[in-house]
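Data from data34.txt: compact mmCIF, N, CA and C atoms
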# COMPACT_ATOMS: atom_id res chain seq x y z
N MET A 1 -156.87 166.65 83.99
CA MET A 1 -157.15 165.31 84.46
C MET A 1 -158.45 164.84 83.82
N SER A 2 -158.42 163.67 83.23
CA SER A 2 -159.59 163.11 82.58
C SER A 2 -160.03 161.86 83.34
N VAL A 3 -161.31 161.73 83.54
CA VAL A 3 -161.85 160.59 84.28
C VAL A 3 -162.98 159.99 83.46
N SER A 4 -163.13 158.66 83.54
CA SER A 4 -164.14 157.98 82.72
C SER A 4 -165.49 157.86 83.43
N ILE A 5 -165.70 158.64 84.47
CA ILE A 5 -167.00 158.68 85.14
C ILE A 5 -167.78 159.85 84.58
N LYS A 6 -168.99 159.57 84.08
CA LYS A 6 -169.82 160.63 83.51
C LYS A 6 -171.03 160.85 84.42
N PRO A 7 -171.05 161.96 85.17
CA PRO A 7 -172.18 162.20 86.08
C PRO A 7 -173.45 162.57 85.32
N LEU A 8 -174.59 162.26 85.92
CA LEU A 8 -175.88 162.57 85.32
C LEU A 8 -176.48 163.83 85.92
N GLU A 9 -177.34 164.47 85.17
CA GLU A 9 -178.07 165.67 85.57
C GLU A 9 -177.17 166.72 86.20
N ASP A 10 -177.49 167.16 87.44
CA ASP A 10 -176.73 168.26 88.06
C ASP A 10 -175.67 167.75 89.02
N ARG A 11 -175.13 166.59 88.74
CA ARG A 11 -174.09 166.03 89.61
C ARG A 11 -172.70 166.33 89.05
N ILE A 12 -171.73 166.34 89.97
CA ILE A 12 -170.34 166.57 89.58
C ILE A 12 -169.46 165.52 90.25
N VAL A 13 -168.28 165.29 89.66
CA VAL A 13 -167.29 164.38 90.24
C VAL A 13 -166.13 165.23 90.71
N VAL A 14 -165.75 165.05 91.98
CA VAL A 14 -164.70 165.86 92.59
C VAL A 14 -163.60 164.96 93.10
N LYS A 15 -162.36 165.36 92.88
CA LYS A 15 -161.20 164.67 93.47
C LYS A 15 -160.78 165.51 94.66
N GLY A 16 -160.85 164.92 95.85
CA GLY A 16 -160.54 165.63 97.09
C GLY A 16 -159.10 166.10 97.14
N ILE A 17 -158.90 167.25 97.76
CA ILE A 17 -157.57 167.79 97.99
C ILE A 17 -157.22 167.51 99.44
N GLU A 18 -156.11 166.84 99.65
CA GLU A 18 -155.71 166.46 101.01
C GLU A 18 -155.41 167.68 101.85
N ALA A 19 -155.85 167.64 103.09
CA ALA A 19 -155.60 168.72 104.04
C ALA A 19 -154.15 168.67 104.51
N GLU A 20 -153.73 169.70 105.19
CA GLU A 20 -152.36 169.77 105.73
C GLU A 20 -152.09 168.58 106.64
N GLN A 21 -150.90 168.04 106.55
CA GLN A 21 -150.50 166.90 107.36
C GLN A 21 -149.96 167.30 108.74
N THR A 22 -149.60 168.59 108.89
CA THR A 22 -149.06 169.06 110.16
C THR A 22 -149.80 170.31 110.62
N THR A 23 -149.73 170.58 111.91
CA THR A 23 -150.34 171.78 112.46
C THR A 23 -149.38 172.96 112.27
N ALA A 24 -149.84 174.15 112.59
CA ALA A 24 -149.01 175.34 112.47
C ALA A 24 -147.76 175.26 113.35
N SER A 25 -147.87 174.53 114.46
CA SER A 25 -146.72 174.41 115.37
C SER A 25 -145.79 173.26 114.99
N GLY A 26 -146.13 172.52 113.92
CA GLY A 26 -145.25 171.46 113.45
C GLY A 26 -145.61 170.06 113.89
N LEU A 27 -146.72 169.89 114.60
CA LEU A 27 -147.15 168.56 115.02
C LEU A 27 -147.75 167.81 113.84
N VAL A 28 -147.39 166.55 113.68
CA VAL A 28 -147.92 165.72 112.60
C VAL A 28 -149.28 165.17 113.03
N ILE A 29 -150.26 165.27 112.13
CA ILE A 29 -151.61 164.79 112.42
C ILE A 29 -151.74 163.36 111.91
N PRO A 30 -152.08 162.41 112.78
CA PRO A 30 -152.24 161.02 112.33
C PRO A 30 -153.50 160.87 111.48
N ASP A 31 -153.52 159.84 110.62
CA ASP A 31 -154.66 159.60 109.73
C ASP A 31 -155.98 159.48 110.47
N THR A 32 -155.95 158.90 111.67
CA THR A 32 -157.19 158.69 112.42
C THR A 32 -157.79 159.99 112.94
N ALA A 33 -157.00 161.05 113.04
CA ALA A 33 -157.48 162.33 113.57
C ALA A 33 -157.79 163.34 112.47
N LYS A 34 -157.51 162.99 111.22
CA LYS A 34 -157.75 163.94 110.12
C LYS A 34 -159.24 164.08 109.87
N GLU A 35 -159.62 165.29 109.50
CA GLU A 35 -161.01 165.54 109.13
C GLU A 35 -161.19 165.20 107.66
N LYS A 36 -162.42 164.88 107.30
CA LYS A 36 -162.77 164.62 105.91
C LYS A 36 -162.55 165.91 105.11
N PRO A 37 -161.87 165.84 103.96
CA PRO A 37 -161.64 167.07 103.19
C PRO A 37 -162.95 167.67 102.70
N GLN A 38 -162.98 169.00 102.62
CA GLN A 38 -164.15 169.70 102.12
C GLN A 38 -163.82 170.51 100.88
N GLU A 39 -162.64 170.30 100.33
CA GLU A 39 -162.21 171.05 99.16
C GLU A 39 -161.70 170.07 98.13
N GLY A 40 -161.98 170.34 96.87
CA GLY A 40 -161.53 169.45 95.82
C GLY A 40 -161.57 170.10 94.46
N GLU A 41 -161.06 169.35 93.47
CA GLU A 41 -161.05 169.83 92.09
C GLU A 41 -162.09 169.06 91.30
N VAL A 42 -162.89 169.79 90.53
CA VAL A 42 -163.94 169.19 89.72
C VAL A 42 -163.29 168.51 88.52
N VAL A 43 -163.56 167.20 88.35
CA VAL A 43 -162.97 166.46 87.23
C VAL A 43 -164.00 166.07 86.17
N ALA A 44 -165.30 166.16 86.50
CA ALA A 44 -166.36 165.88 85.54
C ALA A 44 -167.64 166.58 85.99
N VAL A 45 -168.42 167.04 85.00
CA VAL A 45 -169.66 167.77 85.28
C VAL A 45 -170.77 167.18 84.43
N GLY A 46 -171.93 166.97 85.03
CA GLY A 46 -173.10 166.50 84.29
C GLY A 46 -173.68 167.59 83.41
N PRO A 47 -174.63 167.25 82.56
CA PRO A 47 -175.21 168.22 81.62
C PRO A 47 -176.15 169.23 82.27
N GLY A 48 -176.55 169.02 83.52
CA GLY A 48 -177.50 169.92 84.20
C GLY A 48 -178.86 169.27 84.30
N ARG A 49 -179.63 169.72 85.27
CA ARG A 49 -180.97 169.15 85.46
C ARG A 49 -181.97 169.86 84.54
N PHE A 50 -183.13 169.25 84.35
CA PHE A 50 -184.18 169.87 83.57
C PHE A 50 -184.96 170.86 84.43
N ASN A 51 -185.50 171.90 83.81
CA ASN A 51 -186.31 172.87 84.54
C ASN A 51 -187.63 172.24 84.97
N ASP A 52 -188.46 173.00 85.68
CA ASP A 52 -189.72 172.47 86.20
C ASP A 52 -190.68 172.01 85.11
N ASP A 53 -190.60 172.64 83.93
CA ASP A 53 -191.45 172.24 82.81
C ASP A 53 -190.93 170.98 82.12
N GLY A 54 -189.66 170.65 82.35
CA GLY A 54 -189.08 169.45 81.76
C GLY A 54 -188.67 169.59 80.30
N ASP A 55 -188.63 170.82 79.79
CA ASP A 55 -188.32 171.00 78.38
C ASP A 55 -186.96 171.65 78.10
N GLU A 56 -186.26 172.04 79.13
CA GLU A 56 -184.99 172.75 78.94
C GLU A 56 -184.05 172.45 80.11
N ARG A 57 -182.76 172.31 79.80
CA ARG A 57 -181.77 172.05 80.86
C ARG A 57 -181.34 173.37 81.50
N VAL A 58 -181.17 173.34 82.81
CA VAL A 58 -180.65 174.49 83.56
C VAL A 58 -179.13 174.40 83.49
N PRO A 59 -178.45 175.43 82.98
CA PRO A 59 -176.98 175.36 82.85
C PRO A 59 -176.29 175.28 84.21
N MET A 60 -175.14 174.62 84.22
CA MET A 60 -174.36 174.44 85.44
C MET A 60 -173.48 175.66 85.68
N ASP A 61 -173.31 176.03 86.96
CA ASP A 61 -172.43 177.14 87.34
C ASP A 61 -170.99 176.67 87.53
N ILE A 62 -170.79 175.37 87.53
CA ILE A 62 -169.49 174.77 87.83
C ILE A 62 -168.94 174.12 86.57
N SER A 63 -167.63 174.22 86.37
CA SER A 63 -167.02 173.58 85.21
C SER A 63 -165.80 172.76 85.63
N VAL A 64 -165.37 171.88 84.75
CA VAL A 64 -164.20 171.04 85.01
C VAL A 64 -162.99 171.92 85.27
N GLY A 65 -162.23 171.58 86.29
CA GLY A 65 -161.04 172.35 86.66
C GLY A 65 -161.27 173.32 87.79
N ASP A 66 -162.53 173.62 88.10
CA ASP A 66 -162.83 174.51 89.22
C ASP A 66 -162.41 173.85 90.53
N ARG A 67 -161.96 174.67 91.44
CA ARG A 67 -161.65 174.21 92.80
C ARG A 67 -162.82 174.64 93.66
N VAL A 68 -163.44 173.69 94.35
CA VAL A 68 -164.68 173.97 95.07
C VAL A 68 -164.60 173.57 96.54
N ILE A 69 -165.44 174.21 97.34
CA ILE A 69 -165.65 173.84 98.73
C ILE A 69 -167.06 173.28 98.78
N TYR A 70 -167.19 172.09 99.37
CA TYR A 70 -168.49 171.43 99.39
C TYR A 70 -168.91 171.04 100.80
N SER A 71 -170.17 170.71 100.94
CA SER A 71 -170.75 170.34 102.22
C SER A 71 -170.00 169.16 102.83
N LYS A 72 -169.78 169.20 104.11
CA LYS A 72 -168.96 168.20 104.80
C LYS A 72 -169.50 166.78 104.64
N PHE A 73 -170.80 166.61 104.69
CA PHE A 73 -171.37 165.26 104.63
C PHE A 73 -172.15 165.02 103.34
N GLY A 74 -171.91 165.82 102.32
CA GLY A 74 -172.61 165.66 101.05
C GLY A 74 -171.92 164.66 100.14
N GLY A 75 -172.66 164.11 99.22
CA GLY A 75 -172.10 163.26 98.19
C GLY A 75 -171.88 161.81 98.56
N THR A 76 -171.39 161.08 97.57
CA THR A 76 -171.11 159.66 97.71
C THR A 76 -169.67 159.40 97.31
N GLU A 77 -168.92 158.75 98.18
CA GLU A 77 -167.53 158.43 97.88
C GLU A 77 -167.47 157.17 97.03
N VAL A 78 -166.65 157.21 95.96
CA VAL A 78 -166.47 156.05 95.09
C VAL A 78 -164.98 155.88 94.79
N LYS A 79 -164.60 154.63 94.54
CA LYS A 79 -163.24 154.33 94.08
C LYS A 79 -163.34 153.86 92.65
N HIS A 80 -162.52 154.44 91.76
CA HIS A 80 -162.54 154.07 90.35
C HIS A 80 -161.13 154.19 89.80
N GLY A 81 -160.63 153.13 89.23
CA GLY A 81 -159.28 153.15 88.66
C GLY A 81 -158.20 153.41 89.69
N GLY A 82 -158.42 152.96 90.93
CA GLY A 82 -157.43 153.15 91.97
C GLY A 82 -157.45 154.53 92.61
N GLU A 83 -158.33 155.39 92.18
CA GLU A 83 -158.44 156.75 92.72
C GLU A 83 -159.75 156.88 93.49
N GLU A 84 -159.77 157.80 94.46
CA GLU A 84 -161.00 158.06 95.21
C GLU A 84 -161.63 159.36 94.72
N TYR A 85 -162.92 159.31 94.48
CA TYR A 85 -163.68 160.47 94.00
C TYR A 85 -164.91 160.66 94.87
N LEU A 86 -165.50 161.82 94.74
CA LEU A 86 -166.75 162.12 95.42
C LEU A 86 -167.74 162.58 94.36
N ILE A 87 -168.89 161.93 94.29
CA ILE A 87 -169.95 162.35 93.36
C ILE A 87 -170.99 163.07 94.20
N LEU A 88 -171.24 164.34 93.85
CA LEU A 88 -172.20 165.11 94.62
C LEU A 88 -173.03 166.00 93.73
N SER A 89 -174.14 166.41 94.26
CA SER A 89 -175.04 167.31 93.55
C SER A 89 -174.43 168.71 93.54
N ALA A 90 -174.70 169.46 92.50
CA ALA A 90 -174.20 170.83 92.42
C ALA A 90 -174.72 171.66 93.60
N ARG A 91 -175.83 171.27 94.16
CA ARG A 91 -176.40 171.98 95.31
C ARG A 91 -175.56 171.80 96.58
N ASP A 92 -174.73 170.75 96.62
CA ASP A 92 -173.86 170.52 97.77
C ASP A 92 -172.59 171.36 97.72
N VAL A 93 -172.36 172.02 96.59
CA VAL A 93 -171.19 172.87 96.47
C VAL A 93 -171.51 174.22 97.12
N LEU A 94 -170.66 174.63 98.05
CA LEU A 94 -170.89 175.89 98.78
C LEU A 94 -170.23 177.07 98.10
N ALA A 95 -169.07 176.86 97.47
CA ALA A 95 -168.34 177.99 96.85
C ALA A 95 -167.31 177.47 95.85
N ILE A 96 -166.96 178.34 94.91
CA ILE A 96 -165.85 178.09 94.00
C ILE A 96 -164.69 178.94 94.50
N VAL A 97 -163.53 178.30 94.68
CA VAL A 97 -162.35 179.00 95.17
C VAL A 97 -161.64 179.63 93.99
N GLY A 98 -161.42 180.95 94.08
CA GLY A 98 -160.83 181.69 92.96
C GLY A 98 -159.37 181.62 93.00
Could you express the structure from this file as structure tokens?
Amino acid sequence: MSVSIKPLEDRIVVKGIEAEQTTASGLVIPDTAKEKPQEGEVVAVGPGRFNDDGDERVPMDISVGDRVIYSKFGGTEVKHGGEEYLILSARDVLAIVG
């Protein structure tokens, strides 16, 4: 998946993965009761932030295509090209799902 949003510094662009629509017992969850997703696929990665001296970029641990779990209230939601994305700092990412 290619997206025309280019994040700056240590930010990444994530496309949220929708949570299950039904419970284990088969009950359908209405949109108003769904929780905000905390898992998504990375679609764009910034070049990384500069170190404290300002002369070298710190490499990113995350790459495009990674599936990540991120902080529940982290990032900024944006709509671009009819799709919804989340732009967040690499520090808001809690784990990469293997």
Quiz item: Of the residues A:Gly46, A:Gly81, A:Gly40, A:Gly54, which is the one nearest to Arg67 in chain A, using only C-alpha atoms?
Solution: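 Answer, going by the shortest atom-to-atom distance: A:Gly40.
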Exercise. Write out as an NGL selection string each polymer residue whose atoms come within 12 Å of His80 in chain A, counting only C-alpha atoms; drop sequence neighbours fewer than 3 positions from it.
Key: :A and (3-6 or 13 or 15 or 77 or 83-87)
Quiz item: At a cut-off of 9 Å from (-173.3, 167.5, 85.0) in the coordinates of the file, what residues are picked up using only C-alpha atoms, written as a list of chain:residue names?
Solution: A:Lys6, A:Pro7, A:Leu8, A:Glu9, A:Asp10, A:Arg11, A:Ile12, A:Val13, A:Ala44, A:Val45, A:Gly46, A:Pro47, A:Gly48, A:Arg49, A:Pro59, A:Met60, A:Ile62, A:Ser63, A:Ser89, A:Ala90
Would you save the residues of that selection, restricted to N, CA and C atoms, as a compact mmCIF listing (two decimals), keeping the file's coordinate frame?
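Writing done, so here's part_30.txt:
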# COMPACT_ATOMS: atom_id res chain seq x y z
N LYS A 6 -168.99 159.57 84.08
CA LYS A 6 -169.82 160.63 83.51
C LYS A 6 -171.03 160.85 84.42
N PRO A 7 -171.05 161.96 85.17
CA PRO A 7 -172.18 162.20 86.08
C PRO A 7 -173.45 162.57 85.32
N LEU A 8 -174.59 162.26 85.92
CA LEU A 8 -175.88 162.57 85.32
C LEU A 8 -176.48 163.83 85.92
N GLU A 9 -177.34 164.47 85.17
CA GLU A 9 -178.07 165.67 85.57
C GLU A 9 -177.17 166.72 86.20
N ASP A 10 -177.49 167.16 87.44
CA ASP A 10 -176.73 168.26 88.06
C ASP A 10 -175.67 167.75 89.02
N ARG A 11 -175.13 166.59 88.74
CA ARG A 11 -174.09 166.03 89.61
C ARG A 11 -172.70 166.33 89.05
N ILE A 12 -171.73 166.34 89.97
CA ILE A 12 -170.34 166.57 89.58
C ILE A 12 -169.46 165.52 90.25
N VAL A 13 -168.28 165.29 89.66
CA VAL A 13 -167.29 164.38 90.24
C VAL A 13 -166.13 165.23 90.71
N ALA A 44 -165.30 166.16 86.50
CA ALA A 44 -166.36 165.88 85.54
C ALA A 44 -167.64 166.58 85.99
N VAL A 45 -168.42 167.04 85.00
CA VAL A 45 -169.66 167.77 85.28
C VAL A 45 -170.77 167.18 84.43
N GLY A 46 -171.93 166.97 85.03
CA GLY A 46 -173.10 166.50 84.29
C GLY A 46 -173.68 167.59 83.41
N PRO A 47 -174.63 167.25 82.56
CA PRO A 47 -175.21 168.22 81.62
C PRO A 47 -176.15 169.23 82.27
N GLY A 48 -176.55 169.02 83.52
CA GLY A 48 -177.50 169.92 84.20
C GLY A 48 -178.86 169.27 84.30
N ARG A 49 -179.63 169.72 85.27
CA ARG A 49 -180.97 169.15 85.46
C ARG A 49 -181.97 169.86 84.54
N PRO A 59 -178.45 175.43 82.98
CA PRO A 59 -176.98 175.36 82.85
C PRO A 59 -176.29 175.28 84.21
N MET A 60 -175.14 174.62 84.22
CA MET A 60 -174.36 174.44 85.44
C MET A 60 -173.48 175.66 85.68
N ILE A 62 -170.79 175.37 87.53
CA ILE A 62 -169.49 174.77 87.83
C ILE A 62 -168.94 174.12 86.57
N SER A 63 -167.63 174.22 86.37
CA SER A 63 -167.02 173.58 85.21
C SER A 63 -165.80 172.76 85.63
N SER A 89 -174.14 166.41 94.26
CA SER A 89 -175.04 167.31 93.55
C SER A 89 -174.43 168.71 93.54
N ALA A 90 -174.70 169.46 92.50
CA ALA A 90 -174.20 170.83 92.42
C ALA A 90 -174.72 171.66 93.60
Exercise. State, in Å with one decimal place, the distance from atom N of Asp92 in chain A to atom N of Val43 in chain A.
Key: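 Those two atoms sit 14.3 Å apart.
Proximity ranking of A:Glu56, A:Gly26, A:Val78, A:Val93 relative to Glu41 in chain A places A:Val93 first, based on only C-alpha atoms.
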Practice problem: Give me, please, the distance in Å between atom C of Asp61 in chain A and atom N of Glu39 in chain A, quoted to one decimal. | Solution: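 Rounded to one decimal, the two atoms are 16.6 Å apart.
Coordinates place atom N of Phe50 in chain A at a distance of 21.1 Å from atom N of Gly65 in chain A.
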Self-check item: From A:Leu88, A:Val14, A:Val42, A:Leu94, residue lying nearest Asp66 in chain A [all atoms listed in the file]
Solution: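 Closest to Asp66 in chain A of all the choices is A:Val42.
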Self-check item: strand (DSSP E or B) residues, from DSSP on the backbone, in chain A, as a ChimeraX atom specification
Solution: /A:11-16,22,28,39-45,50,57,67-70,76-80,83-89,93-97
Exercise. Would you mind writing down, as a list of chain:residue names, each residue of chain A that DSSP on the backbone assigns to helix (DSSP H, G or I)?
Key: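 Helix (DSSP H, G or I) members of chain A, listed: A:Asp31, A:Thr32, A:Ala33, A:Ala90, A:Arg91, A:Asp92.
Compared by their closest atoms to Gln38 in chain A, and using only N, CA and C atoms, the residues A:Val64, A:Gly75, A:Gly16, A:Gly98 rank with A:Gly16 nearest.
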